[in-house]
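S.K.: I'm passing along model_27.pdb; it holds PDB, N, CA, C and O atoms and all ligand atoms.
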MODEL        1
ATOM      1  N   MET A  99      -6.667 -14.853  -9.185
ATOM      2  CA  MET A  99      -6.814 -13.396  -9.379
ATOM      3  C   MET A  99      -7.602 -12.809  -8.202
ATOM      4  O   MET A  99      -8.606 -13.360  -7.783
ATOM      5  N   SER A 100      -7.106 -11.711  -7.654
ATOM      6  CA  SER A 100      -7.769 -11.081  -6.511
ATOM      7  C   SER A 100      -9.113 -10.475  -6.931
ATOM      8  O   SER A 100      -9.328 -10.168  -8.103
ATOM      9  N   LYS A 101      -9.986 -10.317  -5.946
ATOM     10  CA  LYS A 101     -11.292  -9.732  -6.254
ATOM     11  C   LYS A 101     -11.234  -8.214  -6.291
ATOM     12  O   LYS A 101     -12.122  -7.567  -6.840
ATOM     13  N   LYS A 102     -10.184  -7.666  -5.686
ATOM     14  CA  LYS A 102     -10.073  -6.207  -5.634
ATOM     15  C   LYS A 102      -8.860  -5.714  -6.393
ATOM     16  O   LYS A 102      -7.907  -6.443  -6.628
ATOM     17  N   ILE A 103      -8.920  -4.426  -6.743
ATOM     18  CA  ILE A 103      -7.819  -3.825  -7.485
ATOM     19  C   ILE A 103      -7.768  -2.329  -7.163
ATOM     20  O   ILE A 103      -8.788  -1.726  -6.828
ATOM     21  N   ALA A 104      -6.556  -1.763  -7.258
ATOM     22  CA  ALA A 104      -6.406  -0.331  -7.012
ATOM     23  C   ALA A 104      -6.798   0.449  -8.264
ATOM     24  O   ALA A 104      -6.509   0.031  -9.384
ATOM     25  N   GLU A 105      -7.449   1.580  -8.046
ATOM     26  CA  GLU A 105      -7.807   2.449  -9.168
ATOM     27  C   GLU A 105      -7.330   3.863  -8.845
ATOM     28  O   GLU A 105      -7.595   4.376  -7.766
ATOM     29  N   VAL A 106      -6.634   4.475  -9.786
ATOM     30  CA  VAL A 106      -6.079   5.814  -9.589
ATOM     31  C   VAL A 106      -6.940   6.838 -10.324
ATOM     32  O   VAL A 106      -7.239   6.667 -11.505
ATOM     33  N   SER A 107      -7.304   7.903  -9.624
ATOM     34  CA  SER A 107      -8.135   8.928 -10.273
ATOM     35  C   SER A 107      -7.253   9.883 -11.090
ATOM     36  O   SER A 107      -6.026   9.849 -11.008
ATOM     37  N   LYS A 108      -7.886  10.744 -11.849
ATOM     38  CA  LYS A 108      -7.162  11.673 -12.719
ATOM     39  C   LYS A 108      -6.409  12.742 -11.939
ATOM     40  O   LYS A 108      -5.617  13.477 -12.512
ATOM     41  N   ASN A 109      -6.652  12.827 -10.638
ATOM     42  CA  ASN A 109      -5.985  13.857  -9.846
ATOM     43  C   ASN A 109      -4.616  13.434  -9.319
ATOM     44  O   ASN A 109      -4.008  14.153  -8.544
ATOM     45  N   CYS A 110      -4.128  12.288  -9.772
ATOM     46  CA  CYS A 110      -2.796  11.827  -9.376
ATOM     47  C   CYS A 110      -1.758  12.879  -9.762
ATOM     48  O   CYS A 110      -1.798  13.426 -10.865
ATOM     49  N   VAL A 111      -0.814  13.151  -8.827
ATOM     50  CA  VAL A 111       0.222  14.155  -9.086
ATOM     51  C   VAL A 111       1.579  13.518  -9.413
ATOM     52  O   VAL A 111       2.600  14.207  -9.447
ATOM     53  N   ALA A 112       1.581  12.207  -9.647
ATOM     54  CA  ALA A 112       2.783  11.481 -10.071
ATOM     55  C   ALA A 112       3.959  11.632  -9.100
ATOM     56  O   ALA A 112       5.107  11.728  -9.526
ATOM     57  N   CYS A 113       3.676  11.628  -7.816
ATOM     58  CA  CYS A 113       4.736  11.798  -6.817
ATOM     59  C   CYS A 113       5.596  10.541  -6.670
ATOM     60  O   CYS A 113       6.732  10.611  -6.220
ATOM     61  N   GLY A 114       5.042   9.380  -7.009
ATOM     62  CA  GLY A 114       5.806   8.142  -6.946
ATOM     63  C   GLY A 114       5.766   7.393  -5.627
ATOM     64  O   GLY A 114       6.368   6.328  -5.507
ATOM     65  N   SER A 115       5.096   7.934  -4.629
ATOM     66  CA  SER A 115       5.044   7.264  -3.322
ATOM     67  C   SER A 115       4.422   5.880  -3.416
ATOM     68  O   SER A 115       4.885   4.933  -2.763
ATOM     69  N   CYS A 116       3.413   5.724  -4.199
ATOM     70  CA  CYS A 116       2.732   4.433  -4.327
ATOM     71  C   CYS A 116       3.636   3.395  -4.969
ATOM     72  O   CYS A 116       3.577   2.216  -4.643
ATOM     73  N   VAL A 117       4.496   3.840  -5.871
ATOM     74  CA  VAL A 117       5.409   2.924  -6.559
ATOM     75  C   VAL A 117       6.347   2.283  -5.548
ATOM     76  O   VAL A 117       6.595   1.073  -5.584
ATOM     77  N   LYS A 118       6.854   3.095  -4.604
ATOM     78  CA  LYS A 118       7.770   2.587  -3.577
ATOM     79  C   LYS A 118       7.031   1.699  -2.583
ATOM     80  O   LYS A 118       7.587   0.758  -2.038
ATOM     81  N   GLU A 119       5.780   1.978  -2.333
ATOM     82  CA  GLU A 119       5.011   1.254  -1.320
ATOM     83  C   GLU A 119       4.520  -0.118  -1.783
ATOM     84  O   GLU A 119       4.441  -1.051  -0.989
ATOM     85  N   CYS A 120       4.208  -0.250  -3.031
ATOM     86  CA  CYS A 120       3.631  -1.507  -3.511
ATOM     87  C   CYS A 120       4.627  -2.672  -3.388
ATOM     88  O   CYS A 120       5.697  -2.636  -3.987
ATOM     89  N   PRO A 121       4.267  -3.708  -2.632
ATOM     90  CA  PRO A 121       5.163  -4.843  -2.431
ATOM     91  C   PRO A 121       5.306  -5.730  -3.660
ATOM     92  O   PRO A 121       6.202  -6.569  -3.734
ATOM     93  N   LEU A 122       4.446  -5.548  -4.627
ATOM     94  CA  LEU A 122       4.445  -6.414  -5.808
ATOM     95  C   LEU A 122       4.916  -5.723  -7.085
ATOM     96  O   LEU A 122       4.895  -6.305  -8.157
ATOM     97  N   GLY A 123       5.313  -4.477  -6.963
ATOM     98  CA  GLY A 123       5.750  -3.758  -8.155
ATOM     99  C   GLY A 123       4.639  -3.630  -9.178
ATOM    100  O   GLY A 123       4.871  -3.660 -10.384
ATOM    101  N   ALA A 124       3.418  -3.478  -8.680
ATOM    102  CA  ALA A 124       2.260  -3.464  -9.576
ATOM    103  C   ALA A 124       1.845  -2.069 -10.036
ATOM    104  O   ALA A 124       0.897  -1.924 -10.792
ATOM    105  N   ILE A 125       2.558  -1.065  -9.567
ATOM    106  CA  ILE A 125       2.149   0.292  -9.936
ATOM    107  C   ILE A 125       3.384   1.075 -10.392
ATOM    108  O   ILE A 125       4.466   0.939  -9.836
ATOM    109  N   SER A 126       3.235   1.836 -11.441
ATOM    110  CA  SER A 126       4.362   2.595 -12.000
ATOM    111  C   SER A 126       3.849   3.945 -12.488
ATOM    112  O   SER A 126       2.644   4.135 -12.629
ATOM    113  N   ILE A 127       4.776   4.853 -12.724
ATOM    114  CA  ILE A 127       4.370   6.170 -13.216
ATOM    115  C   ILE A 127       4.452   6.171 -14.743
ATOM    116  O   ILE A 127       5.528   5.979 -15.321
ATOM    117  N   TYR A 128       3.328   6.366 -15.377
ATOM    118  CA  TYR A 128       3.270   6.330 -16.837
ATOM    119  C   TYR A 128       3.734   7.656 -17.442
ATOM    120  O   TYR A 128       3.116   8.709 -17.221
ATOM    121  N   LYS A 129       4.863   7.577 -18.141
ATOM    122  CA  LYS A 129       5.435   8.744 -18.823
ATOM    123  C   LYS A 129       5.521   9.989 -17.940
ATOM    124  O   LYS A 129       5.342  11.119 -18.408
ATOM    125  N   GLY A 130       5.769   9.751 -16.654
ATOM    126  CA  GLY A 130       5.933  10.871 -15.733
ATOM    127  C   GLY A 130       4.664  11.646 -15.463
ATOM    128  O   GLY A 130       4.701  12.726 -14.867
ATOM    129  N   MET A 131       3.529  11.090 -15.860
ATOM    130  CA  MET A 131       2.277  11.848 -15.751
ATOM    131  C   MET A 131       1.328  11.374 -14.657
ATOM    132  O   MET A 131       0.735  12.180 -13.952
ATOM    133  N   TYR A 132       1.157  10.049 -14.543
ATOM    134  CA  TYR A 132       0.238   9.545 -13.530
ATOM    135  C   TYR A 132       0.556   8.080 -13.205
ATOM    136  O   TYR A 132       1.241   7.408 -13.978
ATOM    137  N   ALA A 133       0.050   7.627 -12.067
ATOM    138  CA  ALA A 133       0.299   6.243 -11.651
ATOM    139  C   ALA A 133      -0.596   5.296 -12.442
ATOM    140  O   ALA A 133      -1.778   5.572 -12.663
ATOM    141  N   ASP A 134       0.012   4.201 -12.875
ATOM    142  CA  ASP A 134      -0.703   3.229 -13.690
ATOM    143  C   ASP A 134      -0.627   1.855 -13.010
ATOM    144  O   ASP A 134       0.458   1.393 -12.689
ATOM    145  N   VAL A 135      -1.758   1.233 -12.758
ATOM    146  CA  VAL A 135      -1.811  -0.054 -12.062
ATOM    147  C   VAL A 135      -1.776  -1.213 -13.057
ATOM    148  O   VAL A 135      -2.536  -1.230 -14.032
ATOM    149  N   ASP A 136      -0.878  -2.163 -12.804
ATOM    150  CA  ASP A 136      -0.802  -3.374 -13.623
ATOM    151  C   ASP A 136      -1.886  -4.333 -13.129
ATOM    152  O   ASP A 136      -1.799  -4.877 -12.032
ATOM    153  N   LYS A 137      -2.892  -4.529 -13.928
ATOM    154  CA  LYS A 137      -4.049  -5.357 -13.530
ATOM    155  C   LYS A 137      -3.670  -6.807 -13.250
ATOM    156  O   LYS A 137      -4.346  -7.496 -12.497
ATOM    157  N   GLU A 138      -2.613  -7.276 -13.866
ATOM    158  CA  GLU A 138      -2.187  -8.665 -13.663
ATOM    159  C   GLU A 138      -1.488  -8.837 -12.315
ATOM    160  O   GLU A 138      -1.594  -9.881 -11.690
ATOM    161  N   LYS A 139      -0.772  -7.822 -11.883
ATOM    162  CA  LYS A 139       0.031  -7.934 -10.657
ATOM    163  C   LYS A 139      -0.692  -7.471  -9.395
ATOM    164  O   LYS A 139      -0.449  -7.983  -8.311
ATOM    165  N   CYS A 140      -1.529  -6.461  -9.493
ATOM    166  CA  CYS A 140      -2.171  -5.884  -8.311
ATOM    167  C   CYS A 140      -3.101  -6.888  -7.623
ATOM    168  O   CYS A 140      -3.876  -7.576  -8.271
ATOM    169  N   VAL A 141      -2.978  -6.945  -6.280
ATOM    170  CA  VAL A 141      -3.839  -7.853  -5.514
ATOM    171  C   VAL A 141      -4.845  -7.074  -4.647
ATOM    172  O   VAL A 141      -5.517  -7.652  -3.802
ATOM    173  N   GLY A 142      -4.877  -5.768  -4.831
ATOM    174  CA  GLY A 142      -5.854  -4.962  -4.094
ATOM    175  C   GLY A 142      -5.601  -4.851  -2.606
ATOM    176  O   GLY A 142      -6.525  -4.658  -1.823
ATOM    177  N   CYS A 143      -4.331  -4.934  -2.194
ATOM    178  CA  CYS A 143      -4.003  -4.930  -0.755
ATOM    179  C   CYS A 143      -4.289  -3.588  -0.091
ATOM    180  O   CYS A 143      -4.479  -3.517   1.115
ATOM    181  N   GLY A 144      -4.249  -2.508  -0.864
ATOM    182  CA  GLY A 144      -4.591  -1.199  -0.303
ATOM    183  C   GLY A 144      -3.436  -0.398   0.263
ATOM    184  O   GLY A 144      -3.627   0.720   0.737
ATOM    185  N   LYS A 145      -2.226  -0.938   0.225
ATOM    186  CA  LYS A 145      -1.078  -0.206   0.780
ATOM    187  C   LYS A 145      -0.857   1.122   0.061
ATOM    188  O   LYS A 145      -0.569   2.136   0.676
ATOM    189  N   CYS A 146      -0.953   1.107  -1.237
ATOM    190  CA  CYS A 146      -0.750   2.331  -2.014
ATOM    191  C   CYS A 146      -1.827   3.360  -1.678
ATOM    192  O   CYS A 146      -1.548   4.554  -1.528
ATOM    193  N   SER A 147      -3.024   2.887  -1.517
ATOM    194  CA  SER A 147      -4.154   3.767  -1.199
ATOM    195  C   SER A 147      -3.944   4.454   0.145
ATOM    196  O   SER A 147      -4.235   5.640   0.305
ATOM    197  N   THR A 148      -3.397   3.698   1.097
ATOM    198  CA  THR A 148      -3.176   4.238   2.440
ATOM    199  C   THR A 148      -2.136   5.353   2.462
ATOM    200  O   THR A 148      -2.304   6.342   3.167
ATOM    201  N   ILE A 149      -1.072   5.201   1.672
ATOM    202  CA  ILE A 149       0.010   6.191   1.761
ATOM    203  C   ILE A 149      -0.104   7.320   0.723
ATOM    204  O   ILE A 149       0.596   8.315   0.830
ATOM    205  N   CYS A 150      -0.947   7.201  -0.265
ATOM    206  CA  CYS A 150      -1.039   8.241  -1.299
ATOM    207  C   CYS A 150      -1.352   9.605  -0.653
ATOM    208  O   CYS A 150      -2.414   9.780  -0.067
ATOM    209  N   PRO A 151      -0.420  10.564  -0.749
ATOM    210  CA  PRO A 151      -0.615  11.865  -0.111
ATOM    211  C   PRO A 151      -1.754  12.675  -0.729
ATOM    212  O   PRO A 151      -2.304  13.577  -0.088
ATOM    213  N   ALA A 152      -2.094  12.350  -1.949
ATOM    214  CA  ALA A 152      -3.168  13.078  -2.623
ATOM    215  C   ALA A 152      -4.527  12.393  -2.445
ATOM    216  O   ALA A 152      -5.564  12.934  -2.813
ATOM    217  N   GLY A 153      -4.485  11.186  -1.865
ATOM    218  CA  GLY A 153      -5.741  10.460  -1.628
ATOM    219  C   GLY A 153      -6.509  10.130  -2.895
ATOM    220  O   GLY A 153      -7.734  10.173  -2.917
ATOM    221  N   VAL A 154      -5.770   9.786  -3.943
ATOM    222  CA  VAL A 154      -6.448   9.550  -5.220
ATOM    223  C   VAL A 154      -6.557   8.072  -5.620
ATOM    224  O   VAL A 154      -7.003   7.755  -6.720
ATOM    225  N   ILE A 155      -6.131   7.168  -4.702
ATOM    226  CA  ILE A 155      -6.236   5.744  -5.022
ATOM    227  C   ILE A 155      -7.385   5.124  -4.230
ATOM    228  O   ILE A 155      -7.450   5.259  -3.012
ATOM    229  N   THR A 156      -8.263   4.445  -4.903
ATOM    230  CA  THR A 156      -9.341   3.726  -4.227
ATOM    231  C   THR A 156      -9.209   2.250  -4.566
ATOM    232  O   THR A 156      -8.697   1.883  -5.625
ATOM    233  N   ILE A 157      -9.669   1.408  -3.635
ATOM    234  CA  ILE A 157      -9.663  -0.033  -3.875
ATOM    235  C   ILE A 157     -11.086  -0.419  -4.245
ATOM    236  O   ILE A 157     -12.027  -0.152  -3.498
ATOM    237  N   LYS A 158     -11.234  -1.002  -5.390
ATOM    238  CA  LYS A 158     -12.578  -1.360  -5.857
ATOM    239  C   LYS A 158     -12.630  -2.826  -6.278
ATOM    240  O   LYS A 158     -11.600  -3.471  -6.438
ATOM    241  N   LEU A 159     -13.817  -3.315  -6.461
ATOM    242  CA  LEU A 159     -13.978  -4.682  -6.940
ATOM    243  C   LEU A 159     -13.631  -4.725  -8.423
ATOM    244  O   LEU A 159     -13.960  -3.810  -9.172
ATOM    245  N   ARG A 160     -12.978  -5.795  -8.822
ATOM    246  CA  ARG A 160     -12.665  -5.953 -10.240
ATOM    247  C   ARG A 160     -13.941  -6.228 -11.020
ATOM    248  O   ARG A 160     -14.946  -6.638 -10.470
ATOM    249  N   GLU A 161     -13.824  -6.047 -12.321
ATOM    250  CA  GLU A 161     -14.925  -6.428 -13.191
ATOM    251  C   GLU A 161     -15.014  -7.952 -13.153
ATOM    252  O   GLU A 161     -14.008  -8.638 -12.957
ATOM    253  N   GLU A 162     -16.172  -8.507 -13.355
ATOM    254  CA  GLU A 162     -16.380  -9.962 -13.291
ATOM    255  C   GLU A 162     -15.406 -10.754 -14.155
ATOM    256  O   GLU A 162     -14.887 -11.783 -13.737
ATOM    257  N   GLU A 163     -15.117 -10.287 -15.339
ATOM    258  CA  GLU A 163     -14.259 -11.056 -16.241
ATOM    259  C   GLU A 163     -12.846 -11.216 -15.691
ATOM    260  O   GLU A 163     -12.172 -12.190 -15.963
ATOM    261  N   PHE A 164     -12.426 -10.248 -14.854
ATOM    262  CA  PHE A 164     -11.083 -10.352 -14.289
ATOM    263  C   PHE A 164     -11.085 -11.304 -13.100
ATOM    264  O   PHE A 164     -10.144 -12.026 -12.869
ATOM    265  N   ILE A 165     -12.168 -11.270 -12.320
ATOM    266  CA  ILE A 165     -12.244 -12.133 -11.138
ATOM    267  C   ILE A 165     -12.182 -13.594 -11.556
ATOM    268  O   ILE A 165     -11.532 -14.415 -10.937
ATOM    269  N   ASN A 166     -12.848 -13.930 -12.635
ATOM    270  CA  ASN A 166     -12.922 -15.321 -13.058
ATOM    271  C   ASN A 166     -11.817 -15.750 -14.020
ATOM    272  O   ASN A 166     -11.778 -16.878 -14.463
ATOM    273  N   ALA A 167     -10.938 -14.812 -14.361
ATOM    274  CA  ALA A 167      -9.896 -15.135 -15.336
ATOM    275  C   ALA A 167      -8.863 -16.095 -14.755
ATOM    276  O   ALA A 167      -8.679 -16.131 -13.561
TER
HETATM  277  S1  LIG A 201       1.022   8.174  -4.374
HETATM  278 FE1  LIG A 201      -0.934   8.995  -5.188
HETATM  279  S2  LIG A 201      -0.406  11.001  -6.100
HETATM  280 FE2  LIG A 201       1.512   9.874  -5.783
HETATM  281  S3  LIG A 201       1.898   8.831  -7.779
HETATM  282 FE3  LIG A 201       0.766   7.390  -6.466
HETATM  283  S4  LIG A 201      -1.405   7.694  -6.983
HETATM  284 FE4  LIG A 201      -0.287   9.474  -7.742
HETATM  285  S1  LIG A 202      -3.364  -2.314  -4.016
HETATM  286 FE1  LIG A 202      -1.475  -3.295  -3.232
HETATM  287  S2  LIG A 202      -0.802  -4.611  -4.940
HETATM  288 FE2  LIG A 202      -2.256  -3.136  -5.811
HETATM  289  S3  LIG A 202      -0.971  -1.451  -6.574
HETATM  290 FE3  LIG A 202      -1.640  -0.933  -4.459
HETATM  291  S4  LIG A 202       0.042  -1.637  -3.124
HETATM  292 FE4  LIG A 202       0.275  -2.647  -5.129
ENDMDL
END
Represent the supplied structure as structure tokens.

M.R.:
Amino acid sequence: MSKKIAEVSKNCVACGSCVKECPLGAISIYKGMYADVDKEKCVGCGKCSTICPAGVITIKLREEEFINA
């Protein structure tokens, strides 16, 4: 399990750019409202964060329980 993970803020505009960018299919648009990160798949690479036009994705450290899982 990666030490980092993408986190999407509430200001996501559901444009879908991050979904196309993620090489692992770890991010999807939940009910057309906002981007949702799959904690199991995301490796925290930061590609989605780089291309998000709204700048609402940050890469953060996972909680300890996820790092050691
Ligand atoms: S690229 Fe940014 S604004 Fe667009 S869906 Fe993803 S997180 Fe939301
Ligand atoms: S950080 Fe990388 S793996 Fe995680 S959702 Fe973004 S593009 Fe996908």

S.K.: Just the number, please: distance in Å from CA of Ile155 in chain A to CA of Val106 in chain A, one decimal.

M.R.: 4.6 Å

S.K.: Taking 3 positions as the minimum chain separation for residues in the same chain, which residues sit within 8 Å of Asp134 in chain A when counting only C-alpha atoms? Answer as a list of chain:residue names.

M.R.: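 Surrounding residues, per the criterion: A:Val106, A:Ile125, A:Ser126, A:Ile127, A:Tyr128.
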
S.K.: Can you list what the PyMOL selection byres (((chain A and resi 111 and name CA) around 12) and not hetatm and name CA) grabs from this structure, as a VMD selection string?

M.R.: chain A and resid 106 to 110 112 to 116 127 to 128 130 to 134 150 to 155

S.K.: Generate a file of the selected residues that holds N, CA, C and O atoms, formatted as a compact mmCIF listing (two decimals), keeping the file's coordinate frame.

M.R.:
# COMPACT_ATOMS: atom_id res chain seq x y z
N VAL A 106 -6.63 4.47 -9.79
CA VAL A 106 -6.08 5.81 -9.59
C VAL A 106 -6.94 6.84 -10.32
O VAL A 106 -7.24 6.67 -11.50
N SER A 107 -7.30 7.90 -9.62
CA SER A 107 -8.14 8.93 -10.27
C SER A 107 -7.25 9.88 -11.09
O SER A 107 -6.03 9.85 -11.01
N LYS A 108 -7.89 10.74 -11.85
CA LYS A 108 -7.16 11.67 -12.72
C LYS A 108 -6.41 12.74 -11.94
O LYS A 108 -5.62 13.48 -12.51
N ASN A 109 -6.65 12.83 -10.64
CA ASN A 109 -5.98 13.86 -9.85
C ASN A 109 -4.62 13.43 -9.32
O ASN A 109 -4.01 14.15 -8.54
N CYS A 110 -4.13 12.29 -9.77
CA CYS A 110 -2.80 11.83 -9.38
C CYS A 110 -1.76 12.88 -9.76
O CYS A 110 -1.80 13.43 -10.86
N ALA A 112 1.58 12.21 -9.65
CA ALA A 112 2.78 11.48 -10.07
C ALA A 112 3.96 11.63 -9.10
O ALA A 112 5.11 11.73 -9.53
N CYS A 113 3.68 11.63 -7.82
CA CYS A 113 4.74 11.80 -6.82
C CYS A 113 5.60 10.54 -6.67
O CYS A 113 6.73 10.61 -6.22
N GLY A 114 5.04 9.38 -7.01
CA GLY A 114 5.81 8.14 -6.95
C GLY A 114 5.77 7.39 -5.63
O GLY A 114 6.37 6.33 -5.51
N SER A 115 5.10 7.93 -4.63
CA SER A 115 5.04 7.26 -3.32
C SER A 115 4.42 5.88 -3.42
O SER A 115 4.88 4.93 -2.76
N CYS A 116 3.41 5.72 -4.20
CA CYS A 116 2.73 4.43 -4.33
C CYS A 116 3.64 3.40 -4.97
O CYS A 116 3.58 2.22 -4.64
N ILE A 127 4.78 4.85 -12.72
CA ILE A 127 4.37 6.17 -13.22
C ILE A 127 4.45 6.17 -14.74
O ILE A 127 5.53 5.98 -15.32
N TYR A 128 3.33 6.37 -15.38
CA TYR A 128 3.27 6.33 -16.84
C TYR A 128 3.73 7.66 -17.44
O TYR A 128 3.12 8.71 -17.22
N GLY A 130 5.77 9.75 -16.65
CA GLY A 130 5.93 10.87 -15.73
C GLY A 130 4.66 11.65 -15.46
O GLY A 130 4.70 12.73 -14.87
N MET A 131 3.53 11.09 -15.86
CA MET A 131 2.28 11.85 -15.75
C MET A 131 1.33 11.37 -14.66
O MET A 131 0.74 12.18 -13.95
N TYR A 132 1.16 10.05 -14.54
CA TYR A 132 0.24 9.54 -13.53
C TYR A 132 0.56 8.08 -13.20
O TYR A 132 1.24 7.41 -13.98
N ALA A 133 0.05 7.63 -12.07
CA ALA A 133 0.30 6.24 -11.65
C ALA A 133 -0.60 5.30 -12.44
O ALA A 133 -1.78 5.57 -12.66
N ASP A 134 0.01 4.20 -12.88
CA ASP A 134 -0.70 3.23 -13.69
C ASP A 134 -0.63 1.86 -13.01
O ASP A 134 0.46 1.39 -12.69
N CYS A 150 -0.95 7.20 -0.26
CA CYS A 150 -1.04 8.24 -1.30
C CYS A 150 -1.35 9.60 -0.65
O CYS A 150 -2.41 9.78 -0.07
N PRO A 151 -0.42 10.56 -0.75
CA PRO A 151 -0.62 11.86 -0.11
C PRO A 151 -1.75 12.68 -0.73
O PRO A 151 -2.30 13.58 -0.09
N ALA A 152 -2.09 12.35 -1.95
CA ALA A 152 -3.17 13.08 -2.62
C ALA A 152 -4.53 12.39 -2.44
O ALA A 152 -5.56 12.93 -2.81
N GLY A 153 -4.49 11.19 -1.86
CA GLY A 153 -5.74 10.46 -1.63
C GLY A 153 -6.51 10.13 -2.90
O GLY A 153 -7.73 10.17 -2.92
N VAL A 154 -5.77 9.79 -3.94
CA VAL A 154 -6.45 9.55 -5.22
C VAL A 154 -6.56 8.07 -5.62
O VAL A 154 -7.00 7.76 -6.72
N ILE A 155 -6.13 7.17 -4.70
CA ILE A 155 -6.24 5.74 -5.02
C ILE A 155 -7.38 5.12 -4.23
O ILE A 155 -7.45 5.26 -3.01

S.K.: Could you tell me which residues the PyMOL selection byres (((chain A and resi 136) around 8) and not hetatm) returns for this structure, as a short mmCIF file (atom, residue, chain, number, x, y, z; two decimals) with N, CA, C and O atoms, in the coordinates of the input?

M.R.:
data_model
loop_
_atom_site.label_atom_id
_atom_site.label_comp_id
_atom_site.auth_asym_id
_atom_site.auth_seq_id
_atom_site.Cartn_x
_atom_site.Cartn_y
_atom_site.Cartn_z
N ILE A 103 -8.92 -4.43 -6.74
CA ILE A 103 -7.82 -3.82 -7.48
C ILE A 103 -7.77 -2.33 -7.16
O ILE A 103 -8.79 -1.73 -6.83
N ALA A 104 -6.56 -1.76 -7.26
CA ALA A 104 -6.41 -0.33 -7.01
C ALA A 104 -6.80 0.45 -8.26
O ALA A 104 -6.51 0.03 -9.38
N LEU A 122 4.45 -5.55 -4.63
CA LEU A 122 4.44 -6.41 -5.81
C LEU A 122 4.92 -5.72 -7.08
O LEU A 122 4.89 -6.30 -8.16
N GLY A 123 5.31 -4.48 -6.96
CA GLY A 123 5.75 -3.76 -8.15
C GLY A 123 4.64 -3.63 -9.18
O GLY A 123 4.87 -3.66 -10.38
N ALA A 124 3.42 -3.48 -8.68
CA ALA A 124 2.26 -3.46 -9.58
C ALA A 124 1.84 -2.07 -10.04
O ALA A 124 0.90 -1.92 -10.79
N ILE A 125 2.56 -1.06 -9.57
CA ILE A 125 2.15 0.29 -9.94
C ILE A 125 3.38 1.08 -10.39
O ILE A 125 4.47 0.94 -9.84
N SER A 126 3.24 1.84 -11.44
CA SER A 126 4.36 2.60 -12.00
C SER A 126 3.85 3.94 -12.49
O SER A 126 2.64 4.14 -12.63
N ALA A 133 0.05 7.63 -12.07
CA ALA A 133 0.30 6.24 -11.65
C ALA A 133 -0.60 5.30 -12.44
O ALA A 133 -1.78 5.57 -12.66
N ASP A 134 0.01 4.20 -12.88
CA ASP A 134 -0.70 3.23 -13.69
C ASP A 134 -0.63 1.86 -13.01
O ASP A 134 0.46 1.39 -12.69
N VAL A 135 -1.76 1.23 -12.76
CA VAL A 135 -1.81 -0.05 -12.06
C VAL A 135 -1.78 -1.21 -13.06
O VAL A 135 -2.54 -1.23 -14.03
N LYS A 137 -2.89 -4.53 -13.93
CA LYS A 137 -4.05 -5.36 -13.53
C LYS A 137 -3.67 -6.81 -13.25
O LYS A 137 -4.35 -7.50 -12.50
N GLU A 138 -2.61 -7.28 -13.87
CA GLU A 138 -2.19 -8.66 -13.66
C GLU A 138 -1.49 -8.84 -12.32
O GLU A 138 -1.59 -9.88 -11.69
N LYS A 139 -0.77 -7.82 -11.88
CA LYS A 139 0.03 -7.93 -10.66
C LYS A 139 -0.69 -7.47 -9.40
O LYS A 139 -0.45 -7.98 -8.31
N CYS A 140 -1.53 -6.46 -9.49
CA CYS A 140 -2.17 -5.88 -8.31
C CYS A 140 -3.10 -6.89 -7.62
O CYS A 140 -3.88 -7.58 -8.27
N VAL A 141 -2.98 -6.94 -6.28
CA VAL A 141 -3.84 -7.85 -5.51
C VAL A 141 -4.84 -7.07 -4.65
O VAL A 141 -5.52 -7.65 -3.80
N GLY A 142 -4.88 -5.77 -4.83
CA GLY A 142 -5.85 -4.96 -4.09
C GLY A 142 -5.60 -4.85 -2.61
O GLY A 142 -6.52 -4.66 -1.82
#

S.K.: Using the chain letters and numbers from this document, which residues of chain A does DSSP assign to helix (DSSP H, G or I), as a list of chain:residue names?

M.R.: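 Checking each residue of chain A, the helix (DSSP H, G or I) ones are A:Ser115, A:Cys116, A:Val117, A:Lys118, A:Glu119, A:Lys145, A:Cys146, A:Ser147, A:Thr148, A:Ile149, A:Glu162, A:Glu163, A:Phe164, A:Ile165.
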
S.K.: With distances taken over all atoms listed in the file, which of A:Leu159, A:Val117, A:Cys146, A:Met99 is nearest to ligand LIG 202 (chain A)?

M.R.: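 Looking only at the distances to ligand LIG 202 (chain A), the closest residue turns out to be A:Cys146.
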
S.K.: Hey, which of A:Glu161, A:Thr148, A:Lys129, A:Glu119 ends up closest to Lys102 in chain A? Count all atoms listed in the file.

M.R.: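 Closest residue, counting all atoms listed in the file: A:Glu161.
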
S.K.: Put the listed atoms of range 118-134 of chain A in a box along x, y and z with 5 Å added on every side and give me the centre and edge lengths in Å to one decimal, as lines of an AutoDock Vina configuration file.

M.R.:
center_x = 3.0
center_y = 3.1
center_z = -9.9
size_x = 19.5
size_y = 29.3
size_z = 27.8

S.K.: If you run DSSP on the backbone here, which positions in chain A get strand (DSSP E)? Please write them as a list in words.

M.R.: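 Output for chain A, strand (DSSP E) only: Lys102, Ile103, Ala104, Glu105, Val106, Ile125, Ser126, Ile127, Tyr128, Tyr132, Ala133, Asp134, Val135, Ile155, Thr156, Ile157, Lys158 and Leu159 of chain A.
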
S.K.: Measure the distance from atom N of Lys145 in chain A to atom S2 of ligand LIG 202 (chain A) in Å and round it to one decimal.

M.R.: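 So the two atoms, atom N of Lys145 in chain A and atom S2 of ligand LIG 202 (chain A), lie 6.5 Å apart.
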